[in-house]
>>> print(open('query_25.cif').read())   # mmCIF, C-alpha atoms
data_coords
#
loop_
_atom_site.label_atom_id
_atom_site.label_comp_id
_atom_site.auth_asym_id
_atom_site.auth_seq_id
_atom_site.Cartn_x
_atom_site.Cartn_y
_atom_site.Cartn_z
CA MET A 97 198.54 45.56 69.16
CA LYS A 98 194.89 44.58 69.60
CA VAL A 99 193.88 41.23 68.19
CA ALA A 100 190.25 40.13 67.94
CA ILE A 101 189.50 36.40 68.03
CA THR A 102 186.05 34.95 67.33
CA SER A 103 185.03 32.82 70.28
CA THR A 104 182.17 30.70 71.50
CA GLY A 105 182.85 31.62 75.16
CA GLU A 106 184.44 34.14 77.48
CA LEU A 107 187.75 32.40 78.26
CA LEU A 108 191.00 31.90 76.37
CA THR A 109 190.30 28.18 76.70
CA SER A 110 186.89 28.60 75.01
CA ALA A 111 186.28 26.91 71.69
CA PHE A 112 187.16 29.04 68.67
CA ASP A 113 184.12 30.25 66.66
CA THR A 114 184.76 29.93 62.93
CA ARG A 115 182.01 32.45 62.12
CA PHE A 116 182.72 36.17 62.05
CA GLY A 117 179.47 38.15 61.77
CA ARG A 118 177.49 35.72 63.90
CA ALA A 119 180.28 34.64 66.24
CA ALA A 120 178.98 34.25 69.80
CA LYS A 121 181.67 36.53 71.26
CA PHE A 122 184.81 38.45 70.41
CA ILE A 123 187.87 38.22 72.59
CA ILE A 124 189.99 41.34 72.12
CA TYR A 125 193.52 40.49 73.20
CA ASP A 126 196.09 43.21 73.87
CA THR A 127 199.51 41.73 72.99
CA LYS A 128 201.39 44.45 74.91
CA GLU A 129 199.38 44.27 78.13
CA LYS A 130 198.81 40.50 77.76
CA SER A 131 195.22 41.05 78.84
CA PHE A 132 191.88 40.72 77.12
CA ILE A 133 188.31 41.89 77.16
CA VAL A 134 185.21 39.99 75.99
CA LEU A 135 182.58 41.52 73.75
CA ASP A 136 179.20 39.87 73.47
CA ASN A 137 177.94 39.69 69.88
CA LYS A 138 174.31 38.85 70.67
CA GLU A 139 172.96 41.82 68.76
CA GLN A 140 174.54 40.59 65.53
CA VAL A 141 173.70 36.93 66.18
CA ASP A 142 170.01 37.94 66.25
CA SER A 143 170.21 40.43 63.38
CA PRO A 144 168.22 39.42 60.25
CA SER A 145 170.84 40.88 57.90
CA GLY A 146 174.08 42.83 57.90
CA ALA A 147 175.55 40.92 60.86
CA GLY A 148 179.01 40.79 59.29
CA VAL A 149 179.02 44.48 58.48
CA GLN A 150 178.01 45.44 62.01
CA ALA A 151 180.56 43.05 63.50
CA ALA A 152 183.14 44.83 61.33
CA GLN A 153 181.89 48.10 62.82
CA VAL A 154 182.49 46.66 66.29
CA MET A 155 186.09 45.85 65.25
CA ILE A 156 186.60 49.42 64.03
CA ASN A 157 185.03 50.96 67.16
CA ASN A 158 187.35 48.87 69.34
CA LYS A 159 190.40 49.93 67.30
CA VAL A 160 191.35 46.35 66.52
CA ASP A 161 194.56 45.90 64.48
CA ALA A 162 194.11 42.26 63.53
CA LEU A 163 191.26 39.77 63.36
CA ILE A 164 191.52 35.99 63.64
CA THR A 165 188.46 34.13 62.40
CA GLY A 166 187.36 31.18 60.27
CA HIS A 167 185.10 32.67 57.61
CA LEU A 168 184.86 36.20 56.34
CA GLY A 169 182.11 37.12 53.87
CA PRO A 170 182.35 39.67 51.06
CA LYS A 171 180.45 42.53 52.69
CA ALA A 172 182.16 42.28 56.08
CA GLY A 173 185.47 41.81 54.22
CA LYS A 174 184.92 45.03 52.28
CA VAL A 175 184.58 47.00 55.52
CA ILE A 176 187.38 45.20 57.39
CA PHE A 177 189.91 45.65 54.59
CA ALA A 178 188.83 49.26 53.98
CA ALA A 179 189.55 49.89 57.67
CA GLY A 180 193.04 48.44 57.25
CA ILE A 181 192.49 45.58 59.70
CA GLU A 182 194.65 42.51 59.04
CA VAL A 183 192.72 39.24 58.86
CA TYR A 184 194.10 35.79 59.67
CA GLN A 185 192.20 32.62 58.92
CA THR A 186 192.41 29.48 60.99
CA ASP A 187 190.32 26.53 62.11
CA ALA A 188 192.01 26.34 65.51
CA GLU A 189 190.15 24.51 68.25
CA SER A 190 190.47 27.09 70.99
CA VAL A 191 191.02 30.81 71.30
CA GLU A 192 194.43 30.33 72.96
CA GLN A 193 195.50 27.96 70.21
CA ALA A 194 194.52 30.55 67.58
CA LEU A 195 196.39 33.21 69.50
CA ALA A 196 199.51 31.02 69.86
CA MET A 197 199.49 30.34 66.12
CA TYR A 198 199.18 34.06 65.49
CA THR A 199 202.03 35.09 67.81
CA SER A 200 204.32 32.40 66.38
CA LYS A 201 203.49 33.80 62.92
CA ALA A 202 202.06 30.47 61.79
CA LEU A 203 198.99 32.17 60.29
CA LYS A 204 198.98 33.72 56.84
CA PRO A 205 197.10 36.97 56.32
CA LEU A 206 193.88 36.73 54.28
CA LYS A 207 193.85 38.99 51.22
CA GLY A 208 190.09 38.99 50.71
CA SER A 209 186.86 37.41 51.88
CA ASN A 210 186.92 33.59 51.84
CA VAL A 211 183.22 32.69 51.80
CA ASP A 212 180.18 33.80 49.80
CA GLY A 213 177.61 36.19 51.19
CA GLN A 214 174.36 35.04 52.70
CA TRP A 215 171.09 36.49 51.60
CA VAL A 216 167.82 36.57 53.41
CA MET B 28 141.27 36.13 39.15
CA ARG B 29 144.83 36.32 40.45
CA ILE B 30 146.73 33.06 40.85
CA SER B 31 150.23 32.46 42.17
CA CYS B 32 152.15 29.35 41.35
CA THR B 33 154.78 28.51 43.93
CA SER B 34 156.58 25.65 45.69
CA GLY B 35 158.84 25.01 48.62
CA LYS B 36 161.38 22.99 46.71
CA GLY B 37 162.75 24.32 43.42
CA GLY B 38 162.35 22.49 40.12
CA THR B 39 158.96 20.96 40.91
CA GLY B 40 157.22 22.49 37.87
CA LYS B 41 155.93 25.98 38.72
CA THR B 42 156.71 27.35 35.28
CA PHE B 43 155.30 24.22 33.66
CA VAL B 44 151.96 24.61 35.49
CA THR B 45 151.90 28.40 34.92
CA LEU B 46 152.36 28.13 31.16
CA ASN B 47 150.03 25.19 30.63
CA LEU B 48 147.31 26.90 32.62
CA ALA B 49 147.80 30.13 30.67
CA ARG B 50 147.62 28.27 27.32
CA THR B 51 144.54 26.32 28.41
CA LEU B 52 142.43 29.29 29.53
CA LYS B 53 140.37 30.93 26.83
CA ASP B 54 140.37 34.27 28.65
CA ARG B 55 143.11 36.89 28.39
CA VAL B 56 146.01 36.03 30.67
CA THR B 57 148.98 38.04 31.84
CA ILE B 58 151.85 35.96 33.22
CA LEU B 59 154.24 37.59 35.67
CA ASP B 60 157.60 35.86 35.83
CA CYS B 61 158.53 36.83 39.38
CA ASP B 62 161.34 34.26 39.63
CA VAL B 63 163.67 37.15 38.85
CA GLU B 64 166.89 35.32 39.68
CA GLU B 65 166.23 32.83 36.92
CA PRO B 66 163.19 33.82 34.84
CA ASN B 67 162.39 31.12 32.30
CA CYS B 68 158.75 31.54 31.21
CA ASN B 69 159.72 33.01 27.86
CA LEU B 70 161.96 30.05 27.07
CA PHE B 71 158.69 28.18 26.62
CA LEU B 72 156.23 30.92 25.62
CA GLN B 73 158.64 32.36 23.04
CA GLY B 74 156.69 35.60 22.82
CA GLU B 75 157.67 38.70 20.85
CA LYS B 76 159.36 41.39 22.87
CA ALA B 77 157.03 44.39 23.13
CA SER B 78 159.17 46.59 25.39
CA SER B 79 162.01 46.62 27.92
CA GLU B 80 163.06 48.92 30.72
CA ARG B 81 165.85 49.18 33.28
CA PHE B 82 164.80 49.12 36.91
CA SER B 83 166.66 50.92 39.69
CA VAL B 84 166.15 51.66 43.34
CA LEU B 85 167.43 54.70 45.22
CA VAL B 86 170.44 54.38 47.51
CA PRO B 87 172.28 57.07 49.47
CA GLN B 88 175.48 58.66 48.22
CA LEU B 89 177.76 60.72 50.46
CA ILE B 90 178.79 64.28 49.71
CA GLU B 91 182.00 64.07 51.72
CA ASP B 92 182.70 67.74 52.41
CA LYS B 93 179.21 68.27 53.86
CA CYS B 94 179.48 65.33 56.31
CA THR B 95 180.39 66.12 59.92
CA GLY B 96 180.54 62.45 60.95
CA CYS B 97 177.63 62.74 63.41
CA ARG B 98 176.69 59.10 62.63
CA ILE B 99 172.92 59.70 62.76
CA CYS B 100 172.67 57.93 59.38
CA ALA B 101 174.42 54.79 60.67
CA ASP B 102 172.28 54.76 63.82
CA VAL B 103 168.93 55.09 62.01
CA CYS B 104 169.68 52.43 59.40
CA GLU B 105 167.52 49.41 60.25
CA PHE B 106 169.42 47.23 57.78
CA ASN B 107 173.03 47.76 58.93
CA ALA B 108 173.82 49.23 55.52
CA ILE B 109 175.93 52.11 56.89
CA VAL B 110 179.11 51.71 58.90
CA MET B 111 181.33 54.49 60.22
CA LEU B 112 184.81 54.22 58.81
CA GLY B 113 187.41 56.85 59.62
CA GLY B 114 184.65 59.04 61.02
CA LYS B 115 182.63 59.00 57.80
CA PRO B 116 179.68 56.80 56.73
CA TYR B 117 180.53 53.91 54.43
CA ILE B 118 177.51 52.74 52.47
CA MET B 119 176.85 49.08 51.64
CA GLU B 120 174.40 49.38 48.72
CA ASP B 121 173.59 45.66 48.79
CA LEU B 122 172.10 45.92 52.27
CA CYS B 123 170.13 49.13 51.60
CA HIS B 124 166.33 48.82 51.47
CA SER B 125 165.84 52.33 50.02
CA CYS B 126 163.89 53.61 53.02
CA ALA B 127 165.66 57.00 52.73
CA ALA B 128 165.77 57.46 56.52
CA CYS B 129 169.49 58.34 56.37
CA SER B 130 169.16 61.05 53.74
CA ILE B 131 165.99 62.52 55.28
CA LEU B 132 167.46 62.64 58.79
CA CYS B 133 170.96 63.84 57.86
CA PRO B 134 171.18 67.31 59.48
CA GLU B 135 173.82 68.42 56.95
CA LYS B 136 171.99 67.10 53.87
CA ALA B 137 175.19 65.20 53.10
CA LEU B 138 173.43 62.10 51.76
CA ILE B 139 171.73 62.37 48.41
CA GLU B 140 169.75 59.55 46.78
CA VAL B 141 171.08 58.08 43.55
CA ASP B 142 169.95 55.26 41.25
CA ASN B 143 171.19 51.74 41.94
CA PRO B 144 170.21 49.61 38.92
CA LEU B 145 168.90 46.17 39.91
CA GLY B 146 167.73 44.56 36.70
CA ASP B 147 165.49 44.63 33.65
CA ILE B 148 161.80 44.23 33.03
CA HIS B 149 160.80 42.75 29.69
CA HIS B 150 157.32 42.68 28.23
CA TYR B 151 156.61 39.83 25.80
CA GLN B 152 153.44 38.99 23.95
CA LYS B 153 152.14 35.87 22.29
CA ASP B 154 148.56 35.59 21.02
CA SER B 155 146.37 36.88 23.86
CA ILE B 156 149.05 36.24 26.52
CA HIS B 157 151.15 39.03 27.96
CA LEU B 158 154.30 38.09 29.85
CA ILE B 159 156.06 40.53 32.17
CA GLU B 160 159.47 39.20 33.10
CA GLY B 161 161.75 40.54 35.82
CA ARG B 162 165.44 39.75 35.35
CA LEU B 163 167.74 40.60 38.24
CA ASP B 164 171.27 41.67 37.28
CA ILE B 165 173.90 39.05 38.03
CA GLY B 166 175.46 39.73 41.43
CA LYS B 167 172.48 41.69 42.76
CA ALA B 168 170.62 40.38 45.77
CA LEU B 169 167.56 42.59 46.13
CA ALA B 170 164.83 40.65 44.37
CA VAL B 171 161.80 42.15 46.15
CA PRO B 172 161.82 45.70 44.69
CA LEU B 173 162.09 44.22 41.19
CA ILE B 174 159.25 41.74 41.89
CA ARG B 175 157.05 44.56 43.13
CA HIS B 176 157.72 46.50 39.94
CA VAL B 177 156.93 43.44 37.80
CA LYS B 178 153.58 43.21 39.63
CA LYS B 179 152.92 46.91 39.03
CA ARG B 180 153.64 46.55 35.29
CA GLY B 181 151.45 43.43 35.14
CA LEU B 182 148.49 45.31 36.56
CA GLU B 183 148.85 47.85 33.75
CA THR B 184 148.25 45.22 31.05
CA THR B 185 144.82 44.16 29.80
CA TYR B 186 143.83 40.80 31.23
CA ASP B 187 141.08 38.67 32.69
CA HIS B 188 143.45 36.65 34.85
CA LEU B 189 146.91 37.17 36.30
CA ILE B 190 149.18 34.17 36.85
CA LEU B 191 152.31 34.80 38.89
CA ASP B 192 155.21 32.37 38.51
CA SER B 193 156.86 32.62 41.92
CA PRO B 194 160.39 31.94 43.09
CA PRO B 195 160.58 28.78 45.23
CA GLY B 196 161.19 28.83 48.96
CA THR B 197 159.56 30.67 51.82
CA SER B 198 161.50 33.93 52.04
CA CYS B 199 160.62 37.51 51.09
CA PRO B 200 160.63 37.09 47.26
CA MET B 201 158.06 34.27 47.53
CA VAL B 202 155.91 36.12 50.08
CA TRP B 203 155.88 39.32 48.01
CA THR B 204 154.91 37.36 44.90
CA ILE B 205 151.96 35.47 46.40
CA ASP B 206 150.67 38.43 48.43
CA GLU B 207 147.15 39.52 47.32
CA SER B 208 146.55 36.36 45.27
CA ASP B 209 143.04 34.91 45.17
CA VAL B 210 144.39 31.36 45.15
CA VAL B 211 147.90 29.91 45.50
CA ILE B 212 148.94 26.77 43.63
CA LEU B 213 151.65 24.73 45.33
CA VAL B 214 153.50 22.43 42.97
CA ALA B 215 155.08 19.48 44.75
CA GLU B 216 156.87 16.21 44.05
CA SER B 217 156.06 13.24 46.25
CA THR B 218 159.50 12.64 47.71
CA ALA B 219 160.89 13.13 51.21
CA PHE B 220 162.50 16.40 50.20
CA GLY B 221 159.38 17.44 48.26
CA LEU B 222 157.06 16.92 51.22
CA HIS B 223 159.41 18.60 53.69
CA ASP B 224 159.61 21.77 51.60
CA LEU B 225 155.89 21.64 50.79
CA GLN B 226 155.11 21.73 54.52
CA LEU B 227 157.32 24.81 54.93
CA ALA B 228 155.60 26.53 52.02
CA ILE B 229 152.14 25.65 53.39
CA ALA B 230 153.05 27.11 56.78
CA THR B 231 154.10 30.33 55.04
CA ILE B 232 150.90 30.57 52.97
CA GLN B 233 148.77 29.93 56.06
CA GLU B 234 150.59 32.78 57.78
CA VAL B 235 149.80 35.08 54.83
CA GLY B 236 146.23 33.75 54.99
CA LEU B 237 145.51 32.76 51.40
CA PRO B 238 143.45 29.86 49.99
CA TYR B 239 145.67 27.22 48.38
CA GLY B 240 145.75 23.80 46.81
CA VAL B 241 148.43 21.33 45.80
CA VAL B 242 149.39 20.08 42.36
CA ILE B 243 151.28 16.79 42.52
CA ASN B 244 153.74 16.84 39.65
CA LYS B 245 155.69 13.87 38.31
CA GLU B 246 153.20 11.54 39.99
CA GLY B 247 154.62 8.04 40.05
CA MET B 248 158.06 9.25 40.96
CA GLY B 249 158.82 8.73 44.63
CA ASP B 250 155.86 7.54 46.71
CA ASP B 251 152.41 8.71 47.87
CA ARG B 252 153.46 10.68 50.94
CA VAL B 253 152.30 14.07 49.56
CA GLU B 254 148.86 12.69 48.73
CA ILE B 255 148.54 11.11 52.20
CA TYR B 256 149.63 14.34 53.83
CA CYS B 257 147.07 16.35 51.83
CA HIS B 258 144.24 13.94 52.71
CA GLU B 259 145.15 13.93 56.38
CA ASN B 260 145.20 17.70 56.51
CA ASN B 261 142.19 18.38 54.23
CA ILE B 262 144.31 20.14 51.66
CA PRO B 263 142.73 20.10 48.20
CA ILE B 264 144.72 18.34 45.47
CA LEU B 265 144.07 20.41 42.35
CA ALA B 266 145.70 18.08 39.85
CA LYS B 267 148.09 15.20 39.42
CA ILE B 268 150.48 15.32 36.51
CA PRO B 269 152.04 11.97 35.62
CA PHE B 270 155.77 11.25 35.66
CA ASP B 271 155.92 10.58 31.97
CA ARG B 272 158.76 10.31 29.49
CA GLU B 273 156.79 12.01 26.72
CA ILE B 274 156.05 15.05 28.91
CA ALA B 275 159.71 15.25 29.89
CA ILE B 276 160.77 15.26 26.23
CA ILE B 277 158.28 18.05 25.40
CA VAL B 278 159.54 20.16 28.31
CA SER B 279 163.17 19.50 27.39
CA GLU B 280 162.45 20.89 23.92
CA SER B 281 161.10 24.16 25.41
CA LYS B 282 157.59 23.33 24.30
CA ILE B 283 154.31 23.64 26.17
CA LEU B 284 152.50 20.38 26.90
CA VAL B 285 148.95 21.49 26.01
CA ASP B 286 150.17 22.94 22.70
CA GLU B 287 151.70 19.59 21.75
CA LYS B 288 149.10 17.34 23.35
CA PRO B 289 145.77 19.19 23.66
CA GLU B 290 144.21 16.21 25.48
CA TYR B 291 146.00 17.48 28.61
CA LYS B 292 143.89 20.67 28.53
CA LYS B 293 141.21 18.77 30.45
CA LEU B 294 143.59 18.35 33.38
CA PHE B 295 144.27 22.08 33.55
CA GLU B 296 140.60 22.96 33.00
CA SER B 297 139.60 20.82 35.95
CA MET B 298 142.40 22.41 37.99
CA TRP B 299 140.97 25.83 37.10
CA GLU B 300 137.44 24.78 38.12
CA GLN B 301 138.73 23.72 41.50
CA MET B 302 140.53 27.00 41.95
CA LEU B 303 137.32 28.90 41.17
CA LEU B 304 135.62 26.88 43.92
CA LEU B 305 138.44 27.65 46.34
CA LYS B 306 138.07 31.36 45.60
CA GLU B 307 134.29 31.22 45.94
CA HIS B 308 134.61 29.40 49.24
CA SER B 309 137.10 31.91 50.58
CA ASP B 310 135.02 34.91 49.36
CA GLY B 311 132.06 33.33 51.17
CA ASN B 312 133.97 33.38 54.43
#
>>> encode(input="query_25.cif", output="C-alpha cells")
Amino acid sequence: MKVAITSTGELLTSAFDTRFGRAAKFIIYDTKEKSFIVLDNKEQVDSPSGAGVQAAQVMINNKVDALITGHLGPKAGKVIFAAGIEVYQTDAESVEQALAMYTSKALKPLKGSNVDGQWV
Amino acid sequence: MRISCTSGKGGTGKTFVTLNLARTLKDRVTILDCDVEEPNCNLFLQGEKASSERFSVLVPQLIEDKCTGCRICADVCEFNAIVMLGGKPYIMEDLCHSCAACSILCPEKALIEVDNPLGDIHHYQKDSIHLIEGRLDIGKALAVPLIRHVKKRGLETTYDHLILDSPPGTSCPMVWTIDESDVVILVAESTAFGLHDLQLAIATIQEVGLPYGVVINKEGMGDDRVEIYCHENNIPILAKIPFDREIAIIVSESKILVDEKPEYKKLFESMWEQMLLLKEHSDGN
C-alpha cells in the first residue's frame, strides 16, 4: 500500500502541509516496506494554474493508493477520485502524526473535494 | 475615443461612472459591459434587447478507440488541462485555453474540437446608446474569451466613443478589458482598502502602458489619502463625486444620476475634457 502525505519537508518529522496542489513536497510511504521516498513539488508550486490537477497526475504516475492531505479542490478531486485513489483529510501537525492516525484508522475517507477551486 | 472604467477594489462605482458618462456625452456611445461575472449596466440603462447569442469556445474531445495513449497531448498542454488516467487522456475543460495544440499534434487524430458554451452576449439599445453585455454562465471560470468577444461585437456597432465597464482587480479579465484603450478611468474610494487596491491597479495599468486618471467616488467617506497619493505621484484626478445620501438613493433605485439630476452633467463633462487632454498628451508623446 502506497500512501502519499503532503509535507513541508523531507522527513517524517516534517510539518504536515495542508495544501495538496501546491504542497511543498509529497512523502510517499510504503506501508509494507515501511520506507518512503520524497517527491519535490516545485513545478506545481510555481505553476500559474492547474497545480492540483498536475499533482493528481503525480499521484497516479507513482501508483499511490491513498492520499492524506488537508484541502482538496474540485478539479484535483475529480482526477484523484476518477483514478480510484482514497483520500483522507486531516490537520495533523507532522507527517508521522498523519501517518499514525491513518494506520490506526482514525481518519475518515473524504468522499469529494472539500474546498472551492482557485481561479487566476 | 475608447475609454475603460476600472478599479482595484470592487464596488467603487465603475458602472456608475460608465453610465453617467455615457448619458452625459452628446455623441453616440457604445457601452461594453465586460464585468461578465456580474454584468449590471442594463439594470440602470434599462435598454431594449436588440439581439442575443450564445458564446462557446472549442475544447478537445477524445475519440477513445483512436487513442494509443502516447501522451503527447498531455505533454504539450501549457495549462495542465490534460492528465493521463488509465493510459488515456482525461480532459479538464475548465483549464483549457482553446489553443488546439493537443488536437493538432495528436498523431492519431484522436482529439477533435467541440463547443464548450461559456455564456451569453446580449445587445441592448436605449436612445443613441448601444450596450453589449457579456454574461458568463454560472460555474464557468473562463472570462477572457467572452470579454474578447464582447469587444469584437462592440466594434461592430456604430459609435463615436466606446466605454468599457471593466471587472475590478488586476488579473487577466481586467487587463484584457483595458487593453487598447485611449484612456483608463480608475474609480477609487479614499479608504485604506481603496488606496491599497488603487495602487495595485495603477501598477498594472503602468505595465500595460496606458494613460490614466483617478475618479474619487464617495468623497467625504474615509479620509483624503487617495487625493494625497495622487498629488504626490502626479496622477490626474478627473473628478470627485460626493458621498451623498441623495445620490445613494438614486443608485439604489436603479436610476442614473444625470438623468435625475442634470446639474451633475457638468461634473462628467469636465471629466471628459480632462480625458481628451490626457489622450492628446499621450498621442503627442
>>> resolve_selection(input="query_25.cif", expression="the PyMOL selection byres ((chain B) within 8 of (chain A))", output="number ranges by chain")
B: 106-108, 110-113, 119, 122, 168, 198-199
>>> atom_distance(input="query_25.cif", atom1="atom CA of Ile181 of chain A", atom2="atom CA of Glu129 of chain A")
19.7 Å
>>> resolve_selection(input="query_25.cif", expression="the PyMOL selection byres ((chain B and resi 190) around 12)", output="PyMOL selection string")
chain B and resi 28-33+41-42+44-50+52+55-61+68+156-159+178+181-182+186-189+191-193+204-205+207-212+299
>>> write_last_selection(input="query_25.cif", atoms="C-alpha atoms", output="tab-separated table (two decimals), in the frame of the given file")
chain	number	residue	atom	x	y	z
B	28	MET	CA	141.27	36.13	39.15
B	29	ARG	CA	144.83	36.32	40.45
B	30	ILE	CA	146.73	33.06	40.85
B	31	SER	CA	150.23	32.46	42.17
B	32	CYS	CA	152.15	29.35	41.35
B	33	THR	CA	154.78	28.51	43.93
B	41	LYS	CA	155.93	25.98	38.72
B	42	THR	CA	156.71	27.35	35.28
B	44	VAL	CA	151.96	24.61	35.49
B	45	THR	CA	151.90	28.40	34.92
B	46	LEU	CA	152.36	28.13	31.16
B	47	ASN	CA	150.03	25.19	30.63
B	48	LEU	CA	147.31	26.90	32.62
B	49	ALA	CA	147.80	30.13	30.67
B	50	ARG	CA	147.62	28.27	27.32
B	52	LEU	CA	142.43	29.29	29.53
B	55	ARG	CA	143.11	36.89	28.39
B	56	VAL	CA	146.01	36.03	30.67
B	57	THR	CA	148.98	38.04	31.84
B	58	ILE	CA	151.85	35.96	33.22
B	59	LEU	CA	154.24	37.59	35.67
B	60	ASP	CA	157.60	35.86	35.83
B	61	CYS	CA	158.53	36.83	39.38
B	68	CYS	CA	158.75	31.54	31.21
B	156	ILE	CA	149.05	36.24	26.52
B	157	HIS	CA	151.15	39.03	27.96
B	158	LEU	CA	154.30	38.09	29.85
B	159	ILE	CA	156.06	40.53	32.17
B	178	LYS	CA	153.58	43.21	39.63
B	181	GLY	CA	151.45	43.43	35.14
B	182	LEU	CA	148.49	45.31	36.56
B	186	TYR	CA	143.83	40.80	31.23
B	187	ASP	CA	141.08	38.67	32.69
B	188	HIS	CA	143.45	36.65	34.85
B	189	LEU	CA	146.91	37.17	36.30
B	191	LEU	CA	152.31	34.80	38.89
B	192	ASP	CA	155.21	32.37	38.51
B	193	SER	CA	156.86	32.62	41.92
B	204	THR	CA	154.91	37.36	44.90
B	205	ILE	CA	151.96	35.47	46.40
B	207	GLU	CA	147.15	39.52	47.32
B	208	SER	CA	146.55	36.36	45.27
B	209	ASP	CA	143.04	34.91	45.17
B	210	VAL	CA	144.39	31.36	45.15
B	211	VAL	CA	147.90	29.91	45.50
B	212	ILE	CA	148.94	26.77	43.63
B	299	TRP	CA	140.97	25.83	37.10
>>> residues_around(input="query_25.cif", residues="Asp92 of chain B", least_positions_apart="5", cutoff="12 Å", atoms="all atoms listed in the file", output="PyMOL selection string")
chain B and resi 115+135-138
>>> residues_around(input="query_25.cif", residues="Val202 of chain B", least_positions_apart="4", cutoff="9 Å", atoms="only C-alpha atoms", output="list in words")
Ser193, Thr197, Ser198, Asp206, Thr231, Ile232 and Val235 of chain B
>>> residues_around(input="query_25.cif", residues="Leu227 of chain B", least_positions_apart="5", cutoff="10 Å", atoms="only C-alpha atoms", output="mmCIF file with C-alpha atoms, in the frame of the given file")
data_model
loop_
_atom_site.group_PDB
_atom_site.id
_atom_site.type_symbol
_atom_site.label_atom_id
_atom_site.label_comp_id
_atom_site.auth_asym_id
_atom_site.auth_seq_id
_atom_site.Cartn_x
_atom_site.Cartn_y
_atom_site.Cartn_z
ATOM 1 C CA SER B 34 156.580 25.650 45.690
ATOM 2 C CA GLY B 35 158.840 25.010 48.620
ATOM 3 C CA LYS B 36 161.380 22.990 46.710
ATOM 4 C CA GLY B 196 161.190 28.830 48.960
ATOM 5 C CA THR B 197 159.560 30.670 51.820
ATOM 6 C CA LEU B 222 157.060 16.920 51.220
ATOM 7 C CA ILE B 232 150.900 30.570 52.970
#
>>> closest_residue(input="query_25.cif", among="B:Ile268, B:Met302, B:Leu225, B:Val278", to="Tyr239 of chain B", atoms="only C-alpha atoms")
B:Met302
>>> resolve_selection(input="query_25.cif", expression="the PyMOL selection byres ((chain A and resi 190) around 8)", output="count of residues only")
12
>>> closest_residue(input="query_25.cif", among="A:Met197, A:Leu135, A:Met97, A:Met155", to="Lys121 of chain A", atoms="all atoms listed in the file")
A:Leu135
>>> atom_distance(input="query_25.cif", atom1="atom CA of Glu160 of chain B", atom2="atom CA of Gln73 of chain B")
12.2 Å
>>> atom_distance(input="query_25.cif", atom1="atom CA of His124 of chain B", atom2="atom CA of Thr165 of chain A")
28.7 Å
>>> residues_around(input="query_25.cif", residues="Phe132 of chain A", least_positions_apart="4", cutoff="9 Å", atoms="only C-alpha atoms", output="list in words")
Lys98, Leu108, Ile123, Ile124, Tyr125, Asp126 and Thr127 of chain A
>>> axis_aligned_box(input="query_25.cif", around="segment 121-127 of chain A", padding_each_side="6 Å", output="AutoDock Vina command-line options")
--center_x 190.6 --center_y 39.9 --center_z 72.1 --size_x 29.8 --size_y 18.7 --size_z 15.5
